[in-house]
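Raw contents of target_36.tsv, TSV, N, CA and C atoms:
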```
chain	number	residue	atom	x	y	z
A	257	GLN	N	-69.90	25.62	24.81
A	257	GLN	CA	-70.08	26.86	25.52
A	257	GLN	C	-70.33	26.60	27.00
A	258	VAL	N	-69.85	27.52	27.83
A	258	VAL	CA	-70.03	27.43	29.27
A	258	VAL	C	-70.45	28.80	29.79
A	259	GLN	N	-71.49	28.83	30.59
A	259	GLN	CA	-71.87	30.05	31.29
A	259	GLN	C	-71.58	29.88	32.77
A	260	LEU	N	-71.01	30.92	33.34
A	260	LEU	CA	-70.69	30.94	34.76
A	260	LEU	C	-71.37	32.15	35.40
A	261	VAL	N	-72.02	31.93	36.54
A	261	VAL	CA	-72.72	33.02	37.23
A	261	VAL	C	-72.29	33.04	38.69
A	262	GLU	N	-71.63	34.14	39.08
A	262	GLU	CA	-71.18	34.29	40.46
A	262	GLU	C	-72.27	34.95	41.30
A	263	SER	N	-72.24	34.66	42.60
A	263	SER	CA	-73.14	35.29	43.56
A	263	SER	C	-72.50	35.22	44.93
A	264	GLY	N	-73.10	35.96	45.87
A	264	GLY	CA	-72.64	35.89	47.25
A	264	GLY	C	-71.80	37.07	47.70
A	265	GLY	N	-71.51	38.00	46.81
A	265	GLY	CA	-70.75	39.16	47.21
A	265	GLY	C	-71.57	40.11	48.06
A	266	GLY	N	-70.90	41.12	48.61
A	266	GLY	CA	-71.60	42.09	49.43
A	266	GLY	C	-70.65	42.93	50.24
A	267	LEU	N	-71.21	43.64	51.21
A	267	LEU	CA	-70.43	44.48	52.12
A	267	LEU	C	-70.25	43.76	53.45
A	268	VAL	N	-69.02	43.71	53.92
A	268	VAL	CA	-68.73	43.03	55.18
A	268	VAL	C	-67.68	43.82	55.94
A	269	HIS	N	-67.74	43.75	57.27
A	269	HIS	CA	-66.76	44.43	58.11
A	269	HIS	C	-65.45	43.66	58.12
A	270	PRO	N	-64.34	44.35	58.38
A	270	PRO	CA	-63.07	43.63	58.52
A	270	PRO	C	-63.17	42.53	59.58
A	271	GLY	N	-62.59	41.38	59.25
A	271	GLY	CA	-62.69	40.23	60.13
A	271	GLY	C	-63.88	39.34	59.84
A	272	GLY	N	-64.78	39.80	59.01
A	272	GLY	CA	-65.97	39.02	58.68
A	272	GLY	C	-65.73	37.97	57.62
A	273	SER	N	-66.82	37.30	57.24
A	273	SER	CA	-66.74	36.20	56.28
A	273	SER	C	-67.80	36.36	55.19
A	274	LEU	N	-67.49	35.81	54.04
A	274	LEU	CA	-68.44	35.69	52.94
A	274	LEU	C	-68.18	34.38	52.22
A	275	ARG	N	-69.22	33.86	51.59
A	275	ARG	CA	-69.08	32.66	50.76
A	275	ARG	C	-69.57	32.98	49.37
A	276	LEU	N	-68.67	32.92	48.42
A	276	LEU	CA	-69.02	33.16	47.03
A	276	LEU	C	-69.38	31.84	46.35
A	277	SER	N	-70.32	31.93	45.43
A	277	SER	CA	-70.72	30.76	44.64
A	277	SER	C	-70.57	31.06	43.16
A	278	CYS	N	-70.29	30.03	42.39
A	278	CYS	CA	-70.19	30.15	40.94
A	278	CYS	C	-70.96	28.98	40.35
A	279	ALA	N	-72.09	29.27	39.74
A	279	ALA	CA	-72.93	28.24	39.14
A	279	ALA	C	-72.56	28.07	37.68
A	280	ALA	N	-72.30	26.82	37.28
A	280	ALA	CA	-71.93	26.52	35.90
A	280	ALA	C	-73.12	25.96	35.14
A	281	SER	N	-73.10	26.18	33.83
A	281	SER	CA	-74.23	25.76	32.99
A	281	SER	C	-74.12	24.30	32.56
A	282	ARG	N	-73.02	23.64	32.94
A	282	ARG	CA	-72.85	22.24	32.60
A	282	ARG	C	-72.04	21.57	33.69
A	283	SER	N	-71.91	20.26	33.61
A	283	SER	CA	-71.21	19.51	34.62
A	283	SER	C	-69.77	19.99	34.80
A	284	ILE	N	-69.43	20.32	36.06
A	284	ILE	CA	-68.07	20.79	36.31
A	284	ILE	C	-67.06	19.65	36.28
A	285	ALA	N	-67.53	18.43	36.29
A	285	ALA	CA	-66.62	17.28	36.25
A	285	ALA	C	-65.83	17.24	34.94
A	286	SER	N	-66.34	17.93	33.92
A	286	SER	CA	-65.67	17.95	32.63
A	286	SER	C	-64.61	19.04	32.52
A	287	PHE	N	-64.56	19.92	33.52
A	287	PHE	CA	-63.63	21.05	33.43
A	287	PHE	C	-62.22	20.64	33.82
A	288	ASP	N	-61.25	21.16	33.10
A	288	ASP	CA	-59.86	20.88	33.43
A	288	ASP	C	-59.43	21.61	34.69
A	289	LEU	N	-60.01	22.80	34.88
A	289	LEU	CA	-59.60	23.66	35.99
A	289	LEU	C	-60.71	24.63	36.30
A	290	MET	N	-60.89	24.95	37.58
A	290	MET	CA	-61.77	26.04	37.97
A	290	MET	C	-61.01	26.93	38.93
A	291	ALA	N	-61.25	28.22	38.83
A	291	ALA	CA	-60.46	29.17	39.63
A	291	ALA	C	-61.26	30.40	39.97
A	292	TRP	N	-60.76	31.12	40.96
A	292	TRP	CA	-61.27	32.44	41.33
A	292	TRP	C	-60.16	33.46	41.09
A	293	TYR	N	-60.58	34.60	40.54
A	293	TYR	CA	-59.72	35.75	40.36
A	293	TYR	C	-60.40	36.95	41.00
A	294	ARG	N	-59.65	38.01	41.20
A	294	ARG	CA	-60.25	39.24	41.70
A	294	ARG	C	-59.57	40.44	41.06
A	295	GLN	N	-60.32	41.53	40.98
A	295	GLN	CA	-59.81	42.76	40.40
A	295	GLN	C	-60.25	43.93	41.24
A	296	ALA	N	-59.27	44.58	41.86
A	296	ALA	CA	-59.53	45.77	42.65
A	296	ALA	C	-59.61	46.98	41.72
A	297	PRO	N	-60.27	48.06	42.16
A	297	PRO	CA	-60.39	49.25	41.31
A	297	PRO	C	-59.04	49.77	40.85
A	298	GLY	N	-58.91	49.96	39.55
A	298	GLY	CA	-57.69	50.52	38.99
A	298	GLY	C	-56.52	49.56	38.93
A	299	LYS	N	-56.75	48.29	39.23
A	299	LYS	CA	-55.66	47.32	39.24
A	299	LYS	C	-55.96	46.16	38.30
A	300	GLU	N	-54.95	45.36	38.01
A	300	GLU	CA	-55.13	44.23	37.12
A	300	GLU	C	-55.83	43.09	37.84
A	301	ARG	N	-56.41	42.20	37.04
A	301	ARG	CA	-57.07	41.02	37.59
A	301	ARG	C	-56.01	40.03	38.07
A	302	LEU	N	-56.18	39.54	39.28
A	302	LEU	CA	-55.21	38.65	39.89
A	302	LEU	C	-55.84	37.31	40.26
A	303	TRP	N	-55.06	36.26	40.16
A	303	TRP	CA	-55.49	34.93	40.53
A	303	TRP	C	-55.57	34.83	42.06
A	304	VAL	N	-56.61	34.15	42.56
A	304	VAL	CA	-56.84	33.99	43.99
A	304	VAL	C	-56.67	32.53	44.42
A	305	ALA	N	-57.36	31.63	43.72
A	305	ALA	CA	-57.34	30.22	44.11
A	305	ALA	C	-57.77	29.37	42.93
A	306	ALA	N	-57.36	28.10	42.94
A	306	ALA	CA	-57.70	27.21	41.83
A	306	ALA	C	-57.88	25.79	42.32
A	307	MET	N	-58.68	25.06	41.56
A	307	MET	CA	-58.91	23.64	41.84
A	307	MET	C	-58.86	22.89	40.52
A	308	THR	N	-58.06	21.83	40.46
A	308	THR	CA	-57.97	21.04	39.24
A	308	THR	C	-58.99	19.90	39.27
A	309	ARG	N	-59.10	19.22	38.14
A	309	ARG	CA	-60.09	18.16	38.03
A	309	ARG	C	-59.84	17.03	39.03
A	310	ASP	N	-58.57	16.83	39.40
A	310	ASP	CA	-58.26	15.76	40.35
A	310	ASP	C	-58.39	16.22	41.80
A	311	GLY	N	-58.85	17.46	42.00
A	311	GLY	CA	-59.11	17.94	43.35
A	311	GLY	C	-57.97	18.70	44.00
A	312	SER	N	-56.85	18.85	43.31
A	312	SER	CA	-55.75	19.61	43.86
A	312	SER	C	-56.12	21.09	43.95
A	313	VAL	N	-55.75	21.73	45.06
A	313	VAL	CA	-56.07	23.14	45.25
A	313	VAL	C	-54.80	23.93	45.47
A	314	SER	N	-54.87	25.21	45.15
A	314	SER	CA	-53.75	26.11	45.37
A	314	SER	C	-54.30	27.50	45.62
A	315	TYR	N	-53.52	28.32	46.33
A	315	TYR	CA	-53.96	29.65	46.75
A	315	TYR	C	-52.84	30.67	46.54
A	316	ALA	N	-53.26	31.89	46.27
A	316	ALA	CA	-52.31	33.00	46.29
A	316	ALA	C	-51.85	33.22	47.73
A	317	GLY	N	-50.62	33.68	47.87
A	317	GLY	CA	-50.07	33.86	49.20
A	317	GLY	C	-50.87	34.81	50.07
A	318	SER	N	-51.50	35.81	49.44
A	318	SER	CA	-52.23	36.82	50.20
A	318	SER	C	-53.51	36.29	50.83
A	319	VAL	N	-54.01	35.14	50.37
A	319	VAL	CA	-55.25	34.59	50.90
A	319	VAL	C	-55.05	33.23	51.57
A	320	GLN	N	-53.86	32.68	51.47
A	320	GLN	CA	-53.56	31.37	52.05
A	320	GLN	C	-53.92	31.36	53.54
A	321	GLY	N	-54.68	30.35	53.95
A	321	GLY	CA	-55.06	30.24	55.35
A	321	GLY	C	-56.33	30.99	55.71
A	322	ARG	N	-56.82	31.85	54.81
A	322	ARG	CA	-58.05	32.60	55.07
A	322	ARG	C	-59.18	32.20	54.13
A	323	PHE	N	-58.84	31.83	52.91
A	323	PHE	CA	-59.83	31.47	51.90
A	323	PHE	C	-59.77	29.97	51.64
A	324	THR	N	-60.94	29.39	51.31
A	324	THR	CA	-61.01	27.97	50.99
A	324	THR	C	-61.85	27.78	49.73
A	325	ILE	N	-61.26	27.13	48.73
A	325	ILE	CA	-61.97	26.83	47.49
A	325	ILE	C	-62.54	25.41	47.58
A	326	SER	N	-63.75	25.24	47.07
A	326	SER	CA	-64.37	23.93	47.08
A	326	SER	C	-65.35	23.85	45.92
A	327	ASP	N	-65.86	22.65	45.68
A	327	ASP	CA	-66.83	22.51	44.59
A	327	ASP	C	-67.90	21.49	44.96
A	328	SER	N	-68.92	21.44	44.14
A	328	SER	CA	-69.99	20.47	44.31
A	328	SER	C	-70.39	19.96	42.93
A	329	ASN	N	-70.08	18.72	42.65
A	329	ASN	CA	-70.50	18.14	41.36
A	329	ASN	C	-72.02	18.06	41.27
A	330	ALA	N	-72.65	17.80	42.39
A	330	ALA	CA	-74.12	17.68	42.39
A	330	ALA	C	-74.79	19.00	42.00
A	331	ASP	N	-74.19	20.11	42.44
A	331	ASP	CA	-74.76	21.43	42.16
A	331	ASP	C	-74.12	22.11	40.97
A	332	ASN	N	-73.10	21.47	40.38
A	332	ASN	CA	-72.34	22.11	39.29
A	332	ASN	C	-71.88	23.50	39.71
A	333	ALA	N	-71.25	23.56	40.87
A	333	ALA	CA	-70.89	24.86	41.42
A	333	ALA	C	-69.49	24.85	42.02
A	334	LEU	N	-68.89	26.02	42.01
A	334	LEU	CA	-67.61	26.27	42.66
A	334	LEU	C	-67.86	27.29	43.76
A	335	TYR	N	-67.14	27.14	44.86
A	335	TYR	CA	-67.34	28.04	46.00
A	335	TYR	C	-66.00	28.64	46.44
A	336	LEU	N	-66.11	29.78	47.12
A	336	LEU	CA	-64.95	30.37	47.76
A	336	LEU	C	-65.39	30.88	49.12
A	337	GLN	N	-64.97	30.19	50.17
A	337	GLN	CA	-65.23	30.62	51.54
A	337	GLN	C	-64.13	31.59	51.93
A	338	MET	N	-64.52	32.79	52.30
A	338	MET	CA	-63.56	33.84	52.63
A	338	MET	C	-63.74	34.24	54.08
A	339	ASP	N	-62.73	34.00	54.89
A	339	ASP	CA	-62.75	34.33	56.31
A	339	ASP	C	-61.69	35.38	56.64
A	340	SER	N	-61.83	35.99	57.79
A	340	SER	CA	-60.86	37.00	58.23
A	340	SER	C	-60.62	38.03	57.13
A	341	LEU	N	-61.69	38.53	56.57
A	341	LEU	CA	-61.57	39.45	55.45
A	341	LEU	C	-60.93	40.76	55.87
A	342	GLU	N	-60.17	41.32	54.94
A	342	GLU	CA	-59.44	42.57	55.16
A	342	GLU	C	-59.86	43.58	54.10
A	343	PRO	N	-59.69	44.87	54.37
A	343	PRO	CA	-60.02	45.87	53.35
A	343	PRO	C	-59.30	45.62	52.03
A	344	ALA	N	-58.10	45.05	52.09
A	344	ALA	CA	-57.35	44.77	50.87
A	344	ALA	C	-58.00	43.68	50.01
A	345	ASP	N	-58.97	42.98	50.57
A	345	ASP	CA	-59.69	41.95	49.80
A	345	ASP	C	-60.82	42.55	48.97
A	346	THR	N	-61.07	43.84	49.11
A	346	THR	CA	-62.11	44.50	48.33
A	346	THR	C	-61.80	44.42	46.85
A	347	ALA	N	-62.74	43.87	46.08
A	347	ALA	CA	-62.53	43.67	44.65
A	347	ALA	C	-63.78	43.06	44.03
A	348	VAL	N	-63.79	43.02	42.72
A	348	VAL	CA	-64.78	42.20	42.02
A	348	VAL	C	-64.16	40.82	41.86
A	349	TYR	N	-64.89	39.81	42.27
A	349	TYR	CA	-64.40	38.43	42.22
A	349	TYR	C	-65.02	37.71	41.03
A	350	TYR	N	-64.16	37.05	40.26
A	350	TYR	CA	-64.58	36.36	39.04
A	350	TYR	C	-64.30	34.87	39.14
A	351	CYS	N	-65.22	34.10	38.61
A	351	CYS	CA	-65.04	32.66	38.47
A	351	CYS	C	-64.53	32.39	37.05
A	352	GLN	N	-63.62	31.45	36.94
A	352	GLN	CA	-63.05	31.11	35.64
A	352	GLN	C	-62.93	29.60	35.52
A	353	THR	N	-63.14	29.10	34.30
A	353	THR	CA	-62.89	27.70	34.07
A	353	THR	C	-62.18	27.51	32.74
A	354	VAL	N	-61.56	26.36	32.59
A	354	VAL	CA	-60.87	26.00	31.36
A	354	VAL	C	-61.43	24.68	30.88
A	355	LEU	N	-61.92	24.67	29.66
A	355	LEU	CA	-62.50	23.48	29.08
A	355	LEU	C	-61.96	23.31	27.67
A	356	GLU	N	-61.29	22.21	27.43
A	356	GLU	CA	-60.72	21.92	26.12
A	356	GLU	C	-59.86	23.07	25.64
A	357	GLY	N	-59.08	23.64	26.57
A	357	GLY	CA	-58.12	24.67	26.23
A	357	GLY	C	-58.69	26.07	26.10
A	358	ARG	N	-59.97	26.23	26.34
A	358	ARG	CA	-60.60	27.54	26.21
A	358	ARG	C	-61.03	28.04	27.59
A	359	GLN	N	-60.82	29.34	27.83
A	359	GLN	CA	-61.18	29.96	29.11
A	359	GLN	C	-62.59	30.54	29.04
A	360	TYR	N	-63.29	30.42	30.15
A	360	TYR	CA	-64.60	31.02	30.30
A	360	TYR	C	-64.62	31.81	31.61
A	361	TRP	N	-65.33	32.95	31.59
A	361	TRP	CA	-65.40	33.82	32.76
A	361	TRP	C	-66.85	34.15	33.09
A	362	GLY	N	-67.08	34.35	34.40
A	362	GLY	CA	-68.36	34.87	34.83
A	362	GLY	C	-68.34	36.39	34.77
A	363	GLN	N	-69.45	37.01	35.19
A	363	GLN	CA	-69.59	38.46	35.12
A	363	GLN	C	-69.03	39.15	36.36
A	364	GLY	N	-68.76	38.38	37.41
A	364	GLY	CA	-68.16	38.94	38.61
A	364	GLY	C	-69.17	39.29	39.68
A	365	THR	N	-68.71	39.31	40.93
A	365	THR	CA	-69.52	39.73	42.07
A	365	THR	C	-68.66	40.62	42.96
A	366	GLN	N	-69.24	41.72	43.41
A	366	GLN	CA	-68.49	42.72	44.17
A	366	GLN	C	-68.38	42.31	45.64
A	367	VAL	N	-67.18	42.37	46.17
A	367	VAL	CA	-66.92	42.17	47.60
A	367	VAL	C	-66.29	43.45	48.13
A	368	THR	N	-66.91	44.02	49.14
A	368	THR	CA	-66.39	45.23	49.77
A	368	THR	C	-66.18	44.98	51.25
A	369	VAL	N	-64.97	45.20	51.71
A	369	VAL	CA	-64.63	45.01	53.12
A	369	VAL	C	-64.33	46.39	53.71
A	370	SER	N	-65.21	46.84	54.58
A	370	SER	CA	-65.08	48.19	55.11
A	370	SER	C	-65.78	48.29	56.44
A	371	SER	N	-65.24	49.15	57.31
A	371	SER	CA	-65.87	49.39	58.59
A	371	SER	C	-66.83	50.58	58.48
```
Could you show the structure in this file as structure tokens?
Amino acid sequence: QVQLVESGGGLVHPGGSLRLSCAASRSIASFDLMAWYRQAPGKERLWVAAMTRDGSVSYAGSVQGRFTISDSNADNALYLQMDSLEPADTAVYYCQTVLEGRQYWGQGTQVTVSS
């Protein structure tokens, strides 16, 4: 079993920044993959960014160049640095991991970008 807890969401003006954190209940070094997803009101959940066990990262086109995914083995945590935020980035952001073929999700953290 894996528990994931996101934090760091909030209200920010367009052009601002936020850093999301995802704390895992066990060593992230054992995870095959860690990722961030987001879900805007009334829309489906979409993939944002991912990091594999070997450190390879990838981003959705809509966030490429603005968001940065990183992790900390010491803290058993995944992060998402979000810069140059836009109103279209408003959503609930979820942390996800895959361990031994099974997916685990956090409860989500709300990010609102508004003037």
Select, from A:Leu276, A:Met290, A:Val304, A:Val369, the residue with the minimum atom-to-atom distance to Glu262 of chain A, counting only C-alpha atoms.
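Once distances to Glu262 of chain A are computed over only C-alpha atoms, the minimum belongs to A:Leu276.
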Within 6 Å of Ala347 of chain A, counting all atoms listed in the file, which residues qualify if same-chain residues fewer than 6 places away don't, as a ChimeraX atom specification?
/A:294-297,365-368
Atomic separation - atom CA of Leu274 of chain A relative to atom N of Gly317 of chain A, Å
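Atom N of Gly317 of chain A sits 18.6 Å away from atom CA of Leu274 of chain A.
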Could you list, as a list in words, every residue within 8 Å of Trp292 of chain A, counting only C-alpha atoms and ignoring same-chain residues fewer than 4 positions away?
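Counting only C-alpha atoms, the residues come to Trp303, Val304, Ala305, Ala306, Leu336, Tyr349, Tyr350, Cys351 and Gln352 of chain A.
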Is it possible to get the axis-aligned box enclosing segment 297-310 of chain A (all listed atoms, 8 Å extra per side) as lines of an AutoDock Vina configuration file, with centre and edge lengths in Å rounded to one decimal?
```
center_x = -57.7
center_y = 33.1
center_z = 40.7
size_x = 21.4
size_y = 50.8
size_z = 23.4
```
Give the helix (DSSP H, G or I) residues of chain A, as DSSP finds them on the backbone, and put them as a ChimeraX atom specification.
/A:284-286,343-345
How many Å lie between atom CA of Val258 of chain A and atom CA of Arg275 of chain A, rounded to one decimal?
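That distance, rounded to one decimal, is 22.1 Å.
Atom C of Ser286 of chain A sits 12.2 Å away from atom CA of Tyr360 of chain A.
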Which parts of chain A does DSSP call strand (DSSP E) when run on the backbone here, written out as a VMD selection string?
chain A and resid 260 to 263 266 to 268 274 to 280 289 to 295 301 to 308 313 to 315 323 to 328 333 to 338 347 to 355 358 to 361 365 to 369
For Met307 of chain A, work out the shell of residues within 8 Å, counting only C-alpha atoms and skipping chain neighbours fewer than 4 positions away, then give it as an mmCIF file with N, CA and C atoms, in the frame of the given file.
```
data_model
loop_
_atom_site.group_PDB
_atom_site.id
_atom_site.type_symbol
_atom_site.label_atom_id
_atom_site.label_comp_id
_atom_site.auth_asym_id
_atom_site.auth_seq_id
_atom_site.Cartn_x
_atom_site.Cartn_y
_atom_site.Cartn_z
ATOM 1 N N LEU A 289 -60.010 22.800 34.880
ATOM 2 C CA LEU A 289 -59.600 23.660 35.990
ATOM 3 C C LEU A 289 -60.710 24.630 36.300
ATOM 4 N N MET A 290 -60.890 24.950 37.580
ATOM 5 C CA MET A 290 -61.770 26.040 37.970
ATOM 6 C C MET A 290 -61.010 26.930 38.930
ATOM 7 N N ALA A 291 -61.250 28.220 38.830
ATOM 8 C CA ALA A 291 -60.460 29.170 39.630
ATOM 9 C C ALA A 291 -61.260 30.400 39.970
ATOM 10 N N GLY A 311 -58.850 17.460 42.000
ATOM 11 C CA GLY A 311 -59.110 17.940 43.350
ATOM 12 C C GLY A 311 -57.970 18.700 44.000
ATOM 13 N N SER A 312 -56.850 18.850 43.310
ATOM 14 C CA SER A 312 -55.750 19.610 43.860
ATOM 15 C C SER A 312 -56.120 21.090 43.950
ATOM 16 N N VAL A 313 -55.750 21.730 45.060
ATOM 17 C CA VAL A 313 -56.070 23.140 45.250
ATOM 18 C C VAL A 313 -54.800 23.930 45.470
ATOM 19 N N SER A 314 -54.870 25.210 45.150
ATOM 20 C CA SER A 314 -53.750 26.110 45.370
ATOM 21 C C SER A 314 -54.300 27.500 45.620
ATOM 22 N N ILE A 325 -61.260 27.130 48.730
ATOM 23 C CA ILE A 325 -61.970 26.830 47.490
ATOM 24 C C ILE A 325 -62.540 25.410 47.580
ATOM 25 N N SER A 326 -63.750 25.240 47.070
ATOM 26 C CA SER A 326 -64.370 23.930 47.080
ATOM 27 C C SER A 326 -65.350 23.850 45.920
#
```
Smallest atom-to-atom distance to Ile284 of chain A: which of A:Asn332, A:Leu302, A:Glu356, A:Ser371, using only C-alpha atoms?
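Of A:Asn332, A:Leu302, A:Glu356, A:Ser371, the one nearest Ile284 of chain A, counting only C-alpha atoms, is A:Asn332.
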As an MDAnalysis selection string, please: the residues near Ser277 of chain A (cut-off 5 Å, all atoms listed in the file, same-chain neighbours under 4 positions excluded).
chainID A and resid 262:264 334:335
Written file, previous selection with N, CA and C atoms, as an mmCIF file, in the frame of the given file:
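To be explicit, this is the file written out as again-v9.cif:
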```
data_model
loop_
_atom_site.group_PDB
_atom_site.id
_atom_site.type_symbol
_atom_site.label_atom_id
_atom_site.label_comp_id
_atom_site.auth_asym_id
_atom_site.auth_seq_id
_atom_site.Cartn_x
_atom_site.Cartn_y
_atom_site.Cartn_z
ATOM 1 N N GLU A 262 -71.630 34.140 39.080
ATOM 2 C CA GLU A 262 -71.180 34.290 40.460
ATOM 3 C C GLU A 262 -72.270 34.950 41.300
ATOM 4 N N SER A 263 -72.240 34.660 42.600
ATOM 5 C CA SER A 263 -73.140 35.290 43.560
ATOM 6 C C SER A 263 -72.500 35.220 44.930
ATOM 7 N N GLY A 264 -73.100 35.960 45.870
ATOM 8 C CA GLY A 264 -72.640 35.890 47.250
ATOM 9 C C GLY A 264 -71.800 37.070 47.700
ATOM 10 N N LEU A 334 -68.890 26.020 42.010
ATOM 11 C CA LEU A 334 -67.610 26.270 42.660
ATOM 12 C C LEU A 334 -67.860 27.290 43.760
ATOM 13 N N TYR A 335 -67.140 27.140 44.860
ATOM 14 C CA TYR A 335 -67.340 28.040 46.000
ATOM 15 C C TYR A 335 -66.000 28.640 46.440
#
```
Minimum-distance residue to Pro270 of chain A, chosen among A:Ser340, A:Gln363, A:Asn329, A:Thr346 (using only N, CA and C atoms):
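Nearest candidate to Pro270 of chain A out of A:Ser340, A:Gln363, A:Asn329, A:Thr346: A:Ser340.
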Pick from A:Gln337, A:Ser281, A:Thr308, A:Thr324: nearest to Gly265 of chain A, with only C-alpha atoms counted?
A:Gln337
I need the residue nearest Trp361 of chain A from this list: A:Tyr293, A:Met338, A:Ala316, A:Asp288. Use only C-alpha atoms for the distance.
A:Tyr293
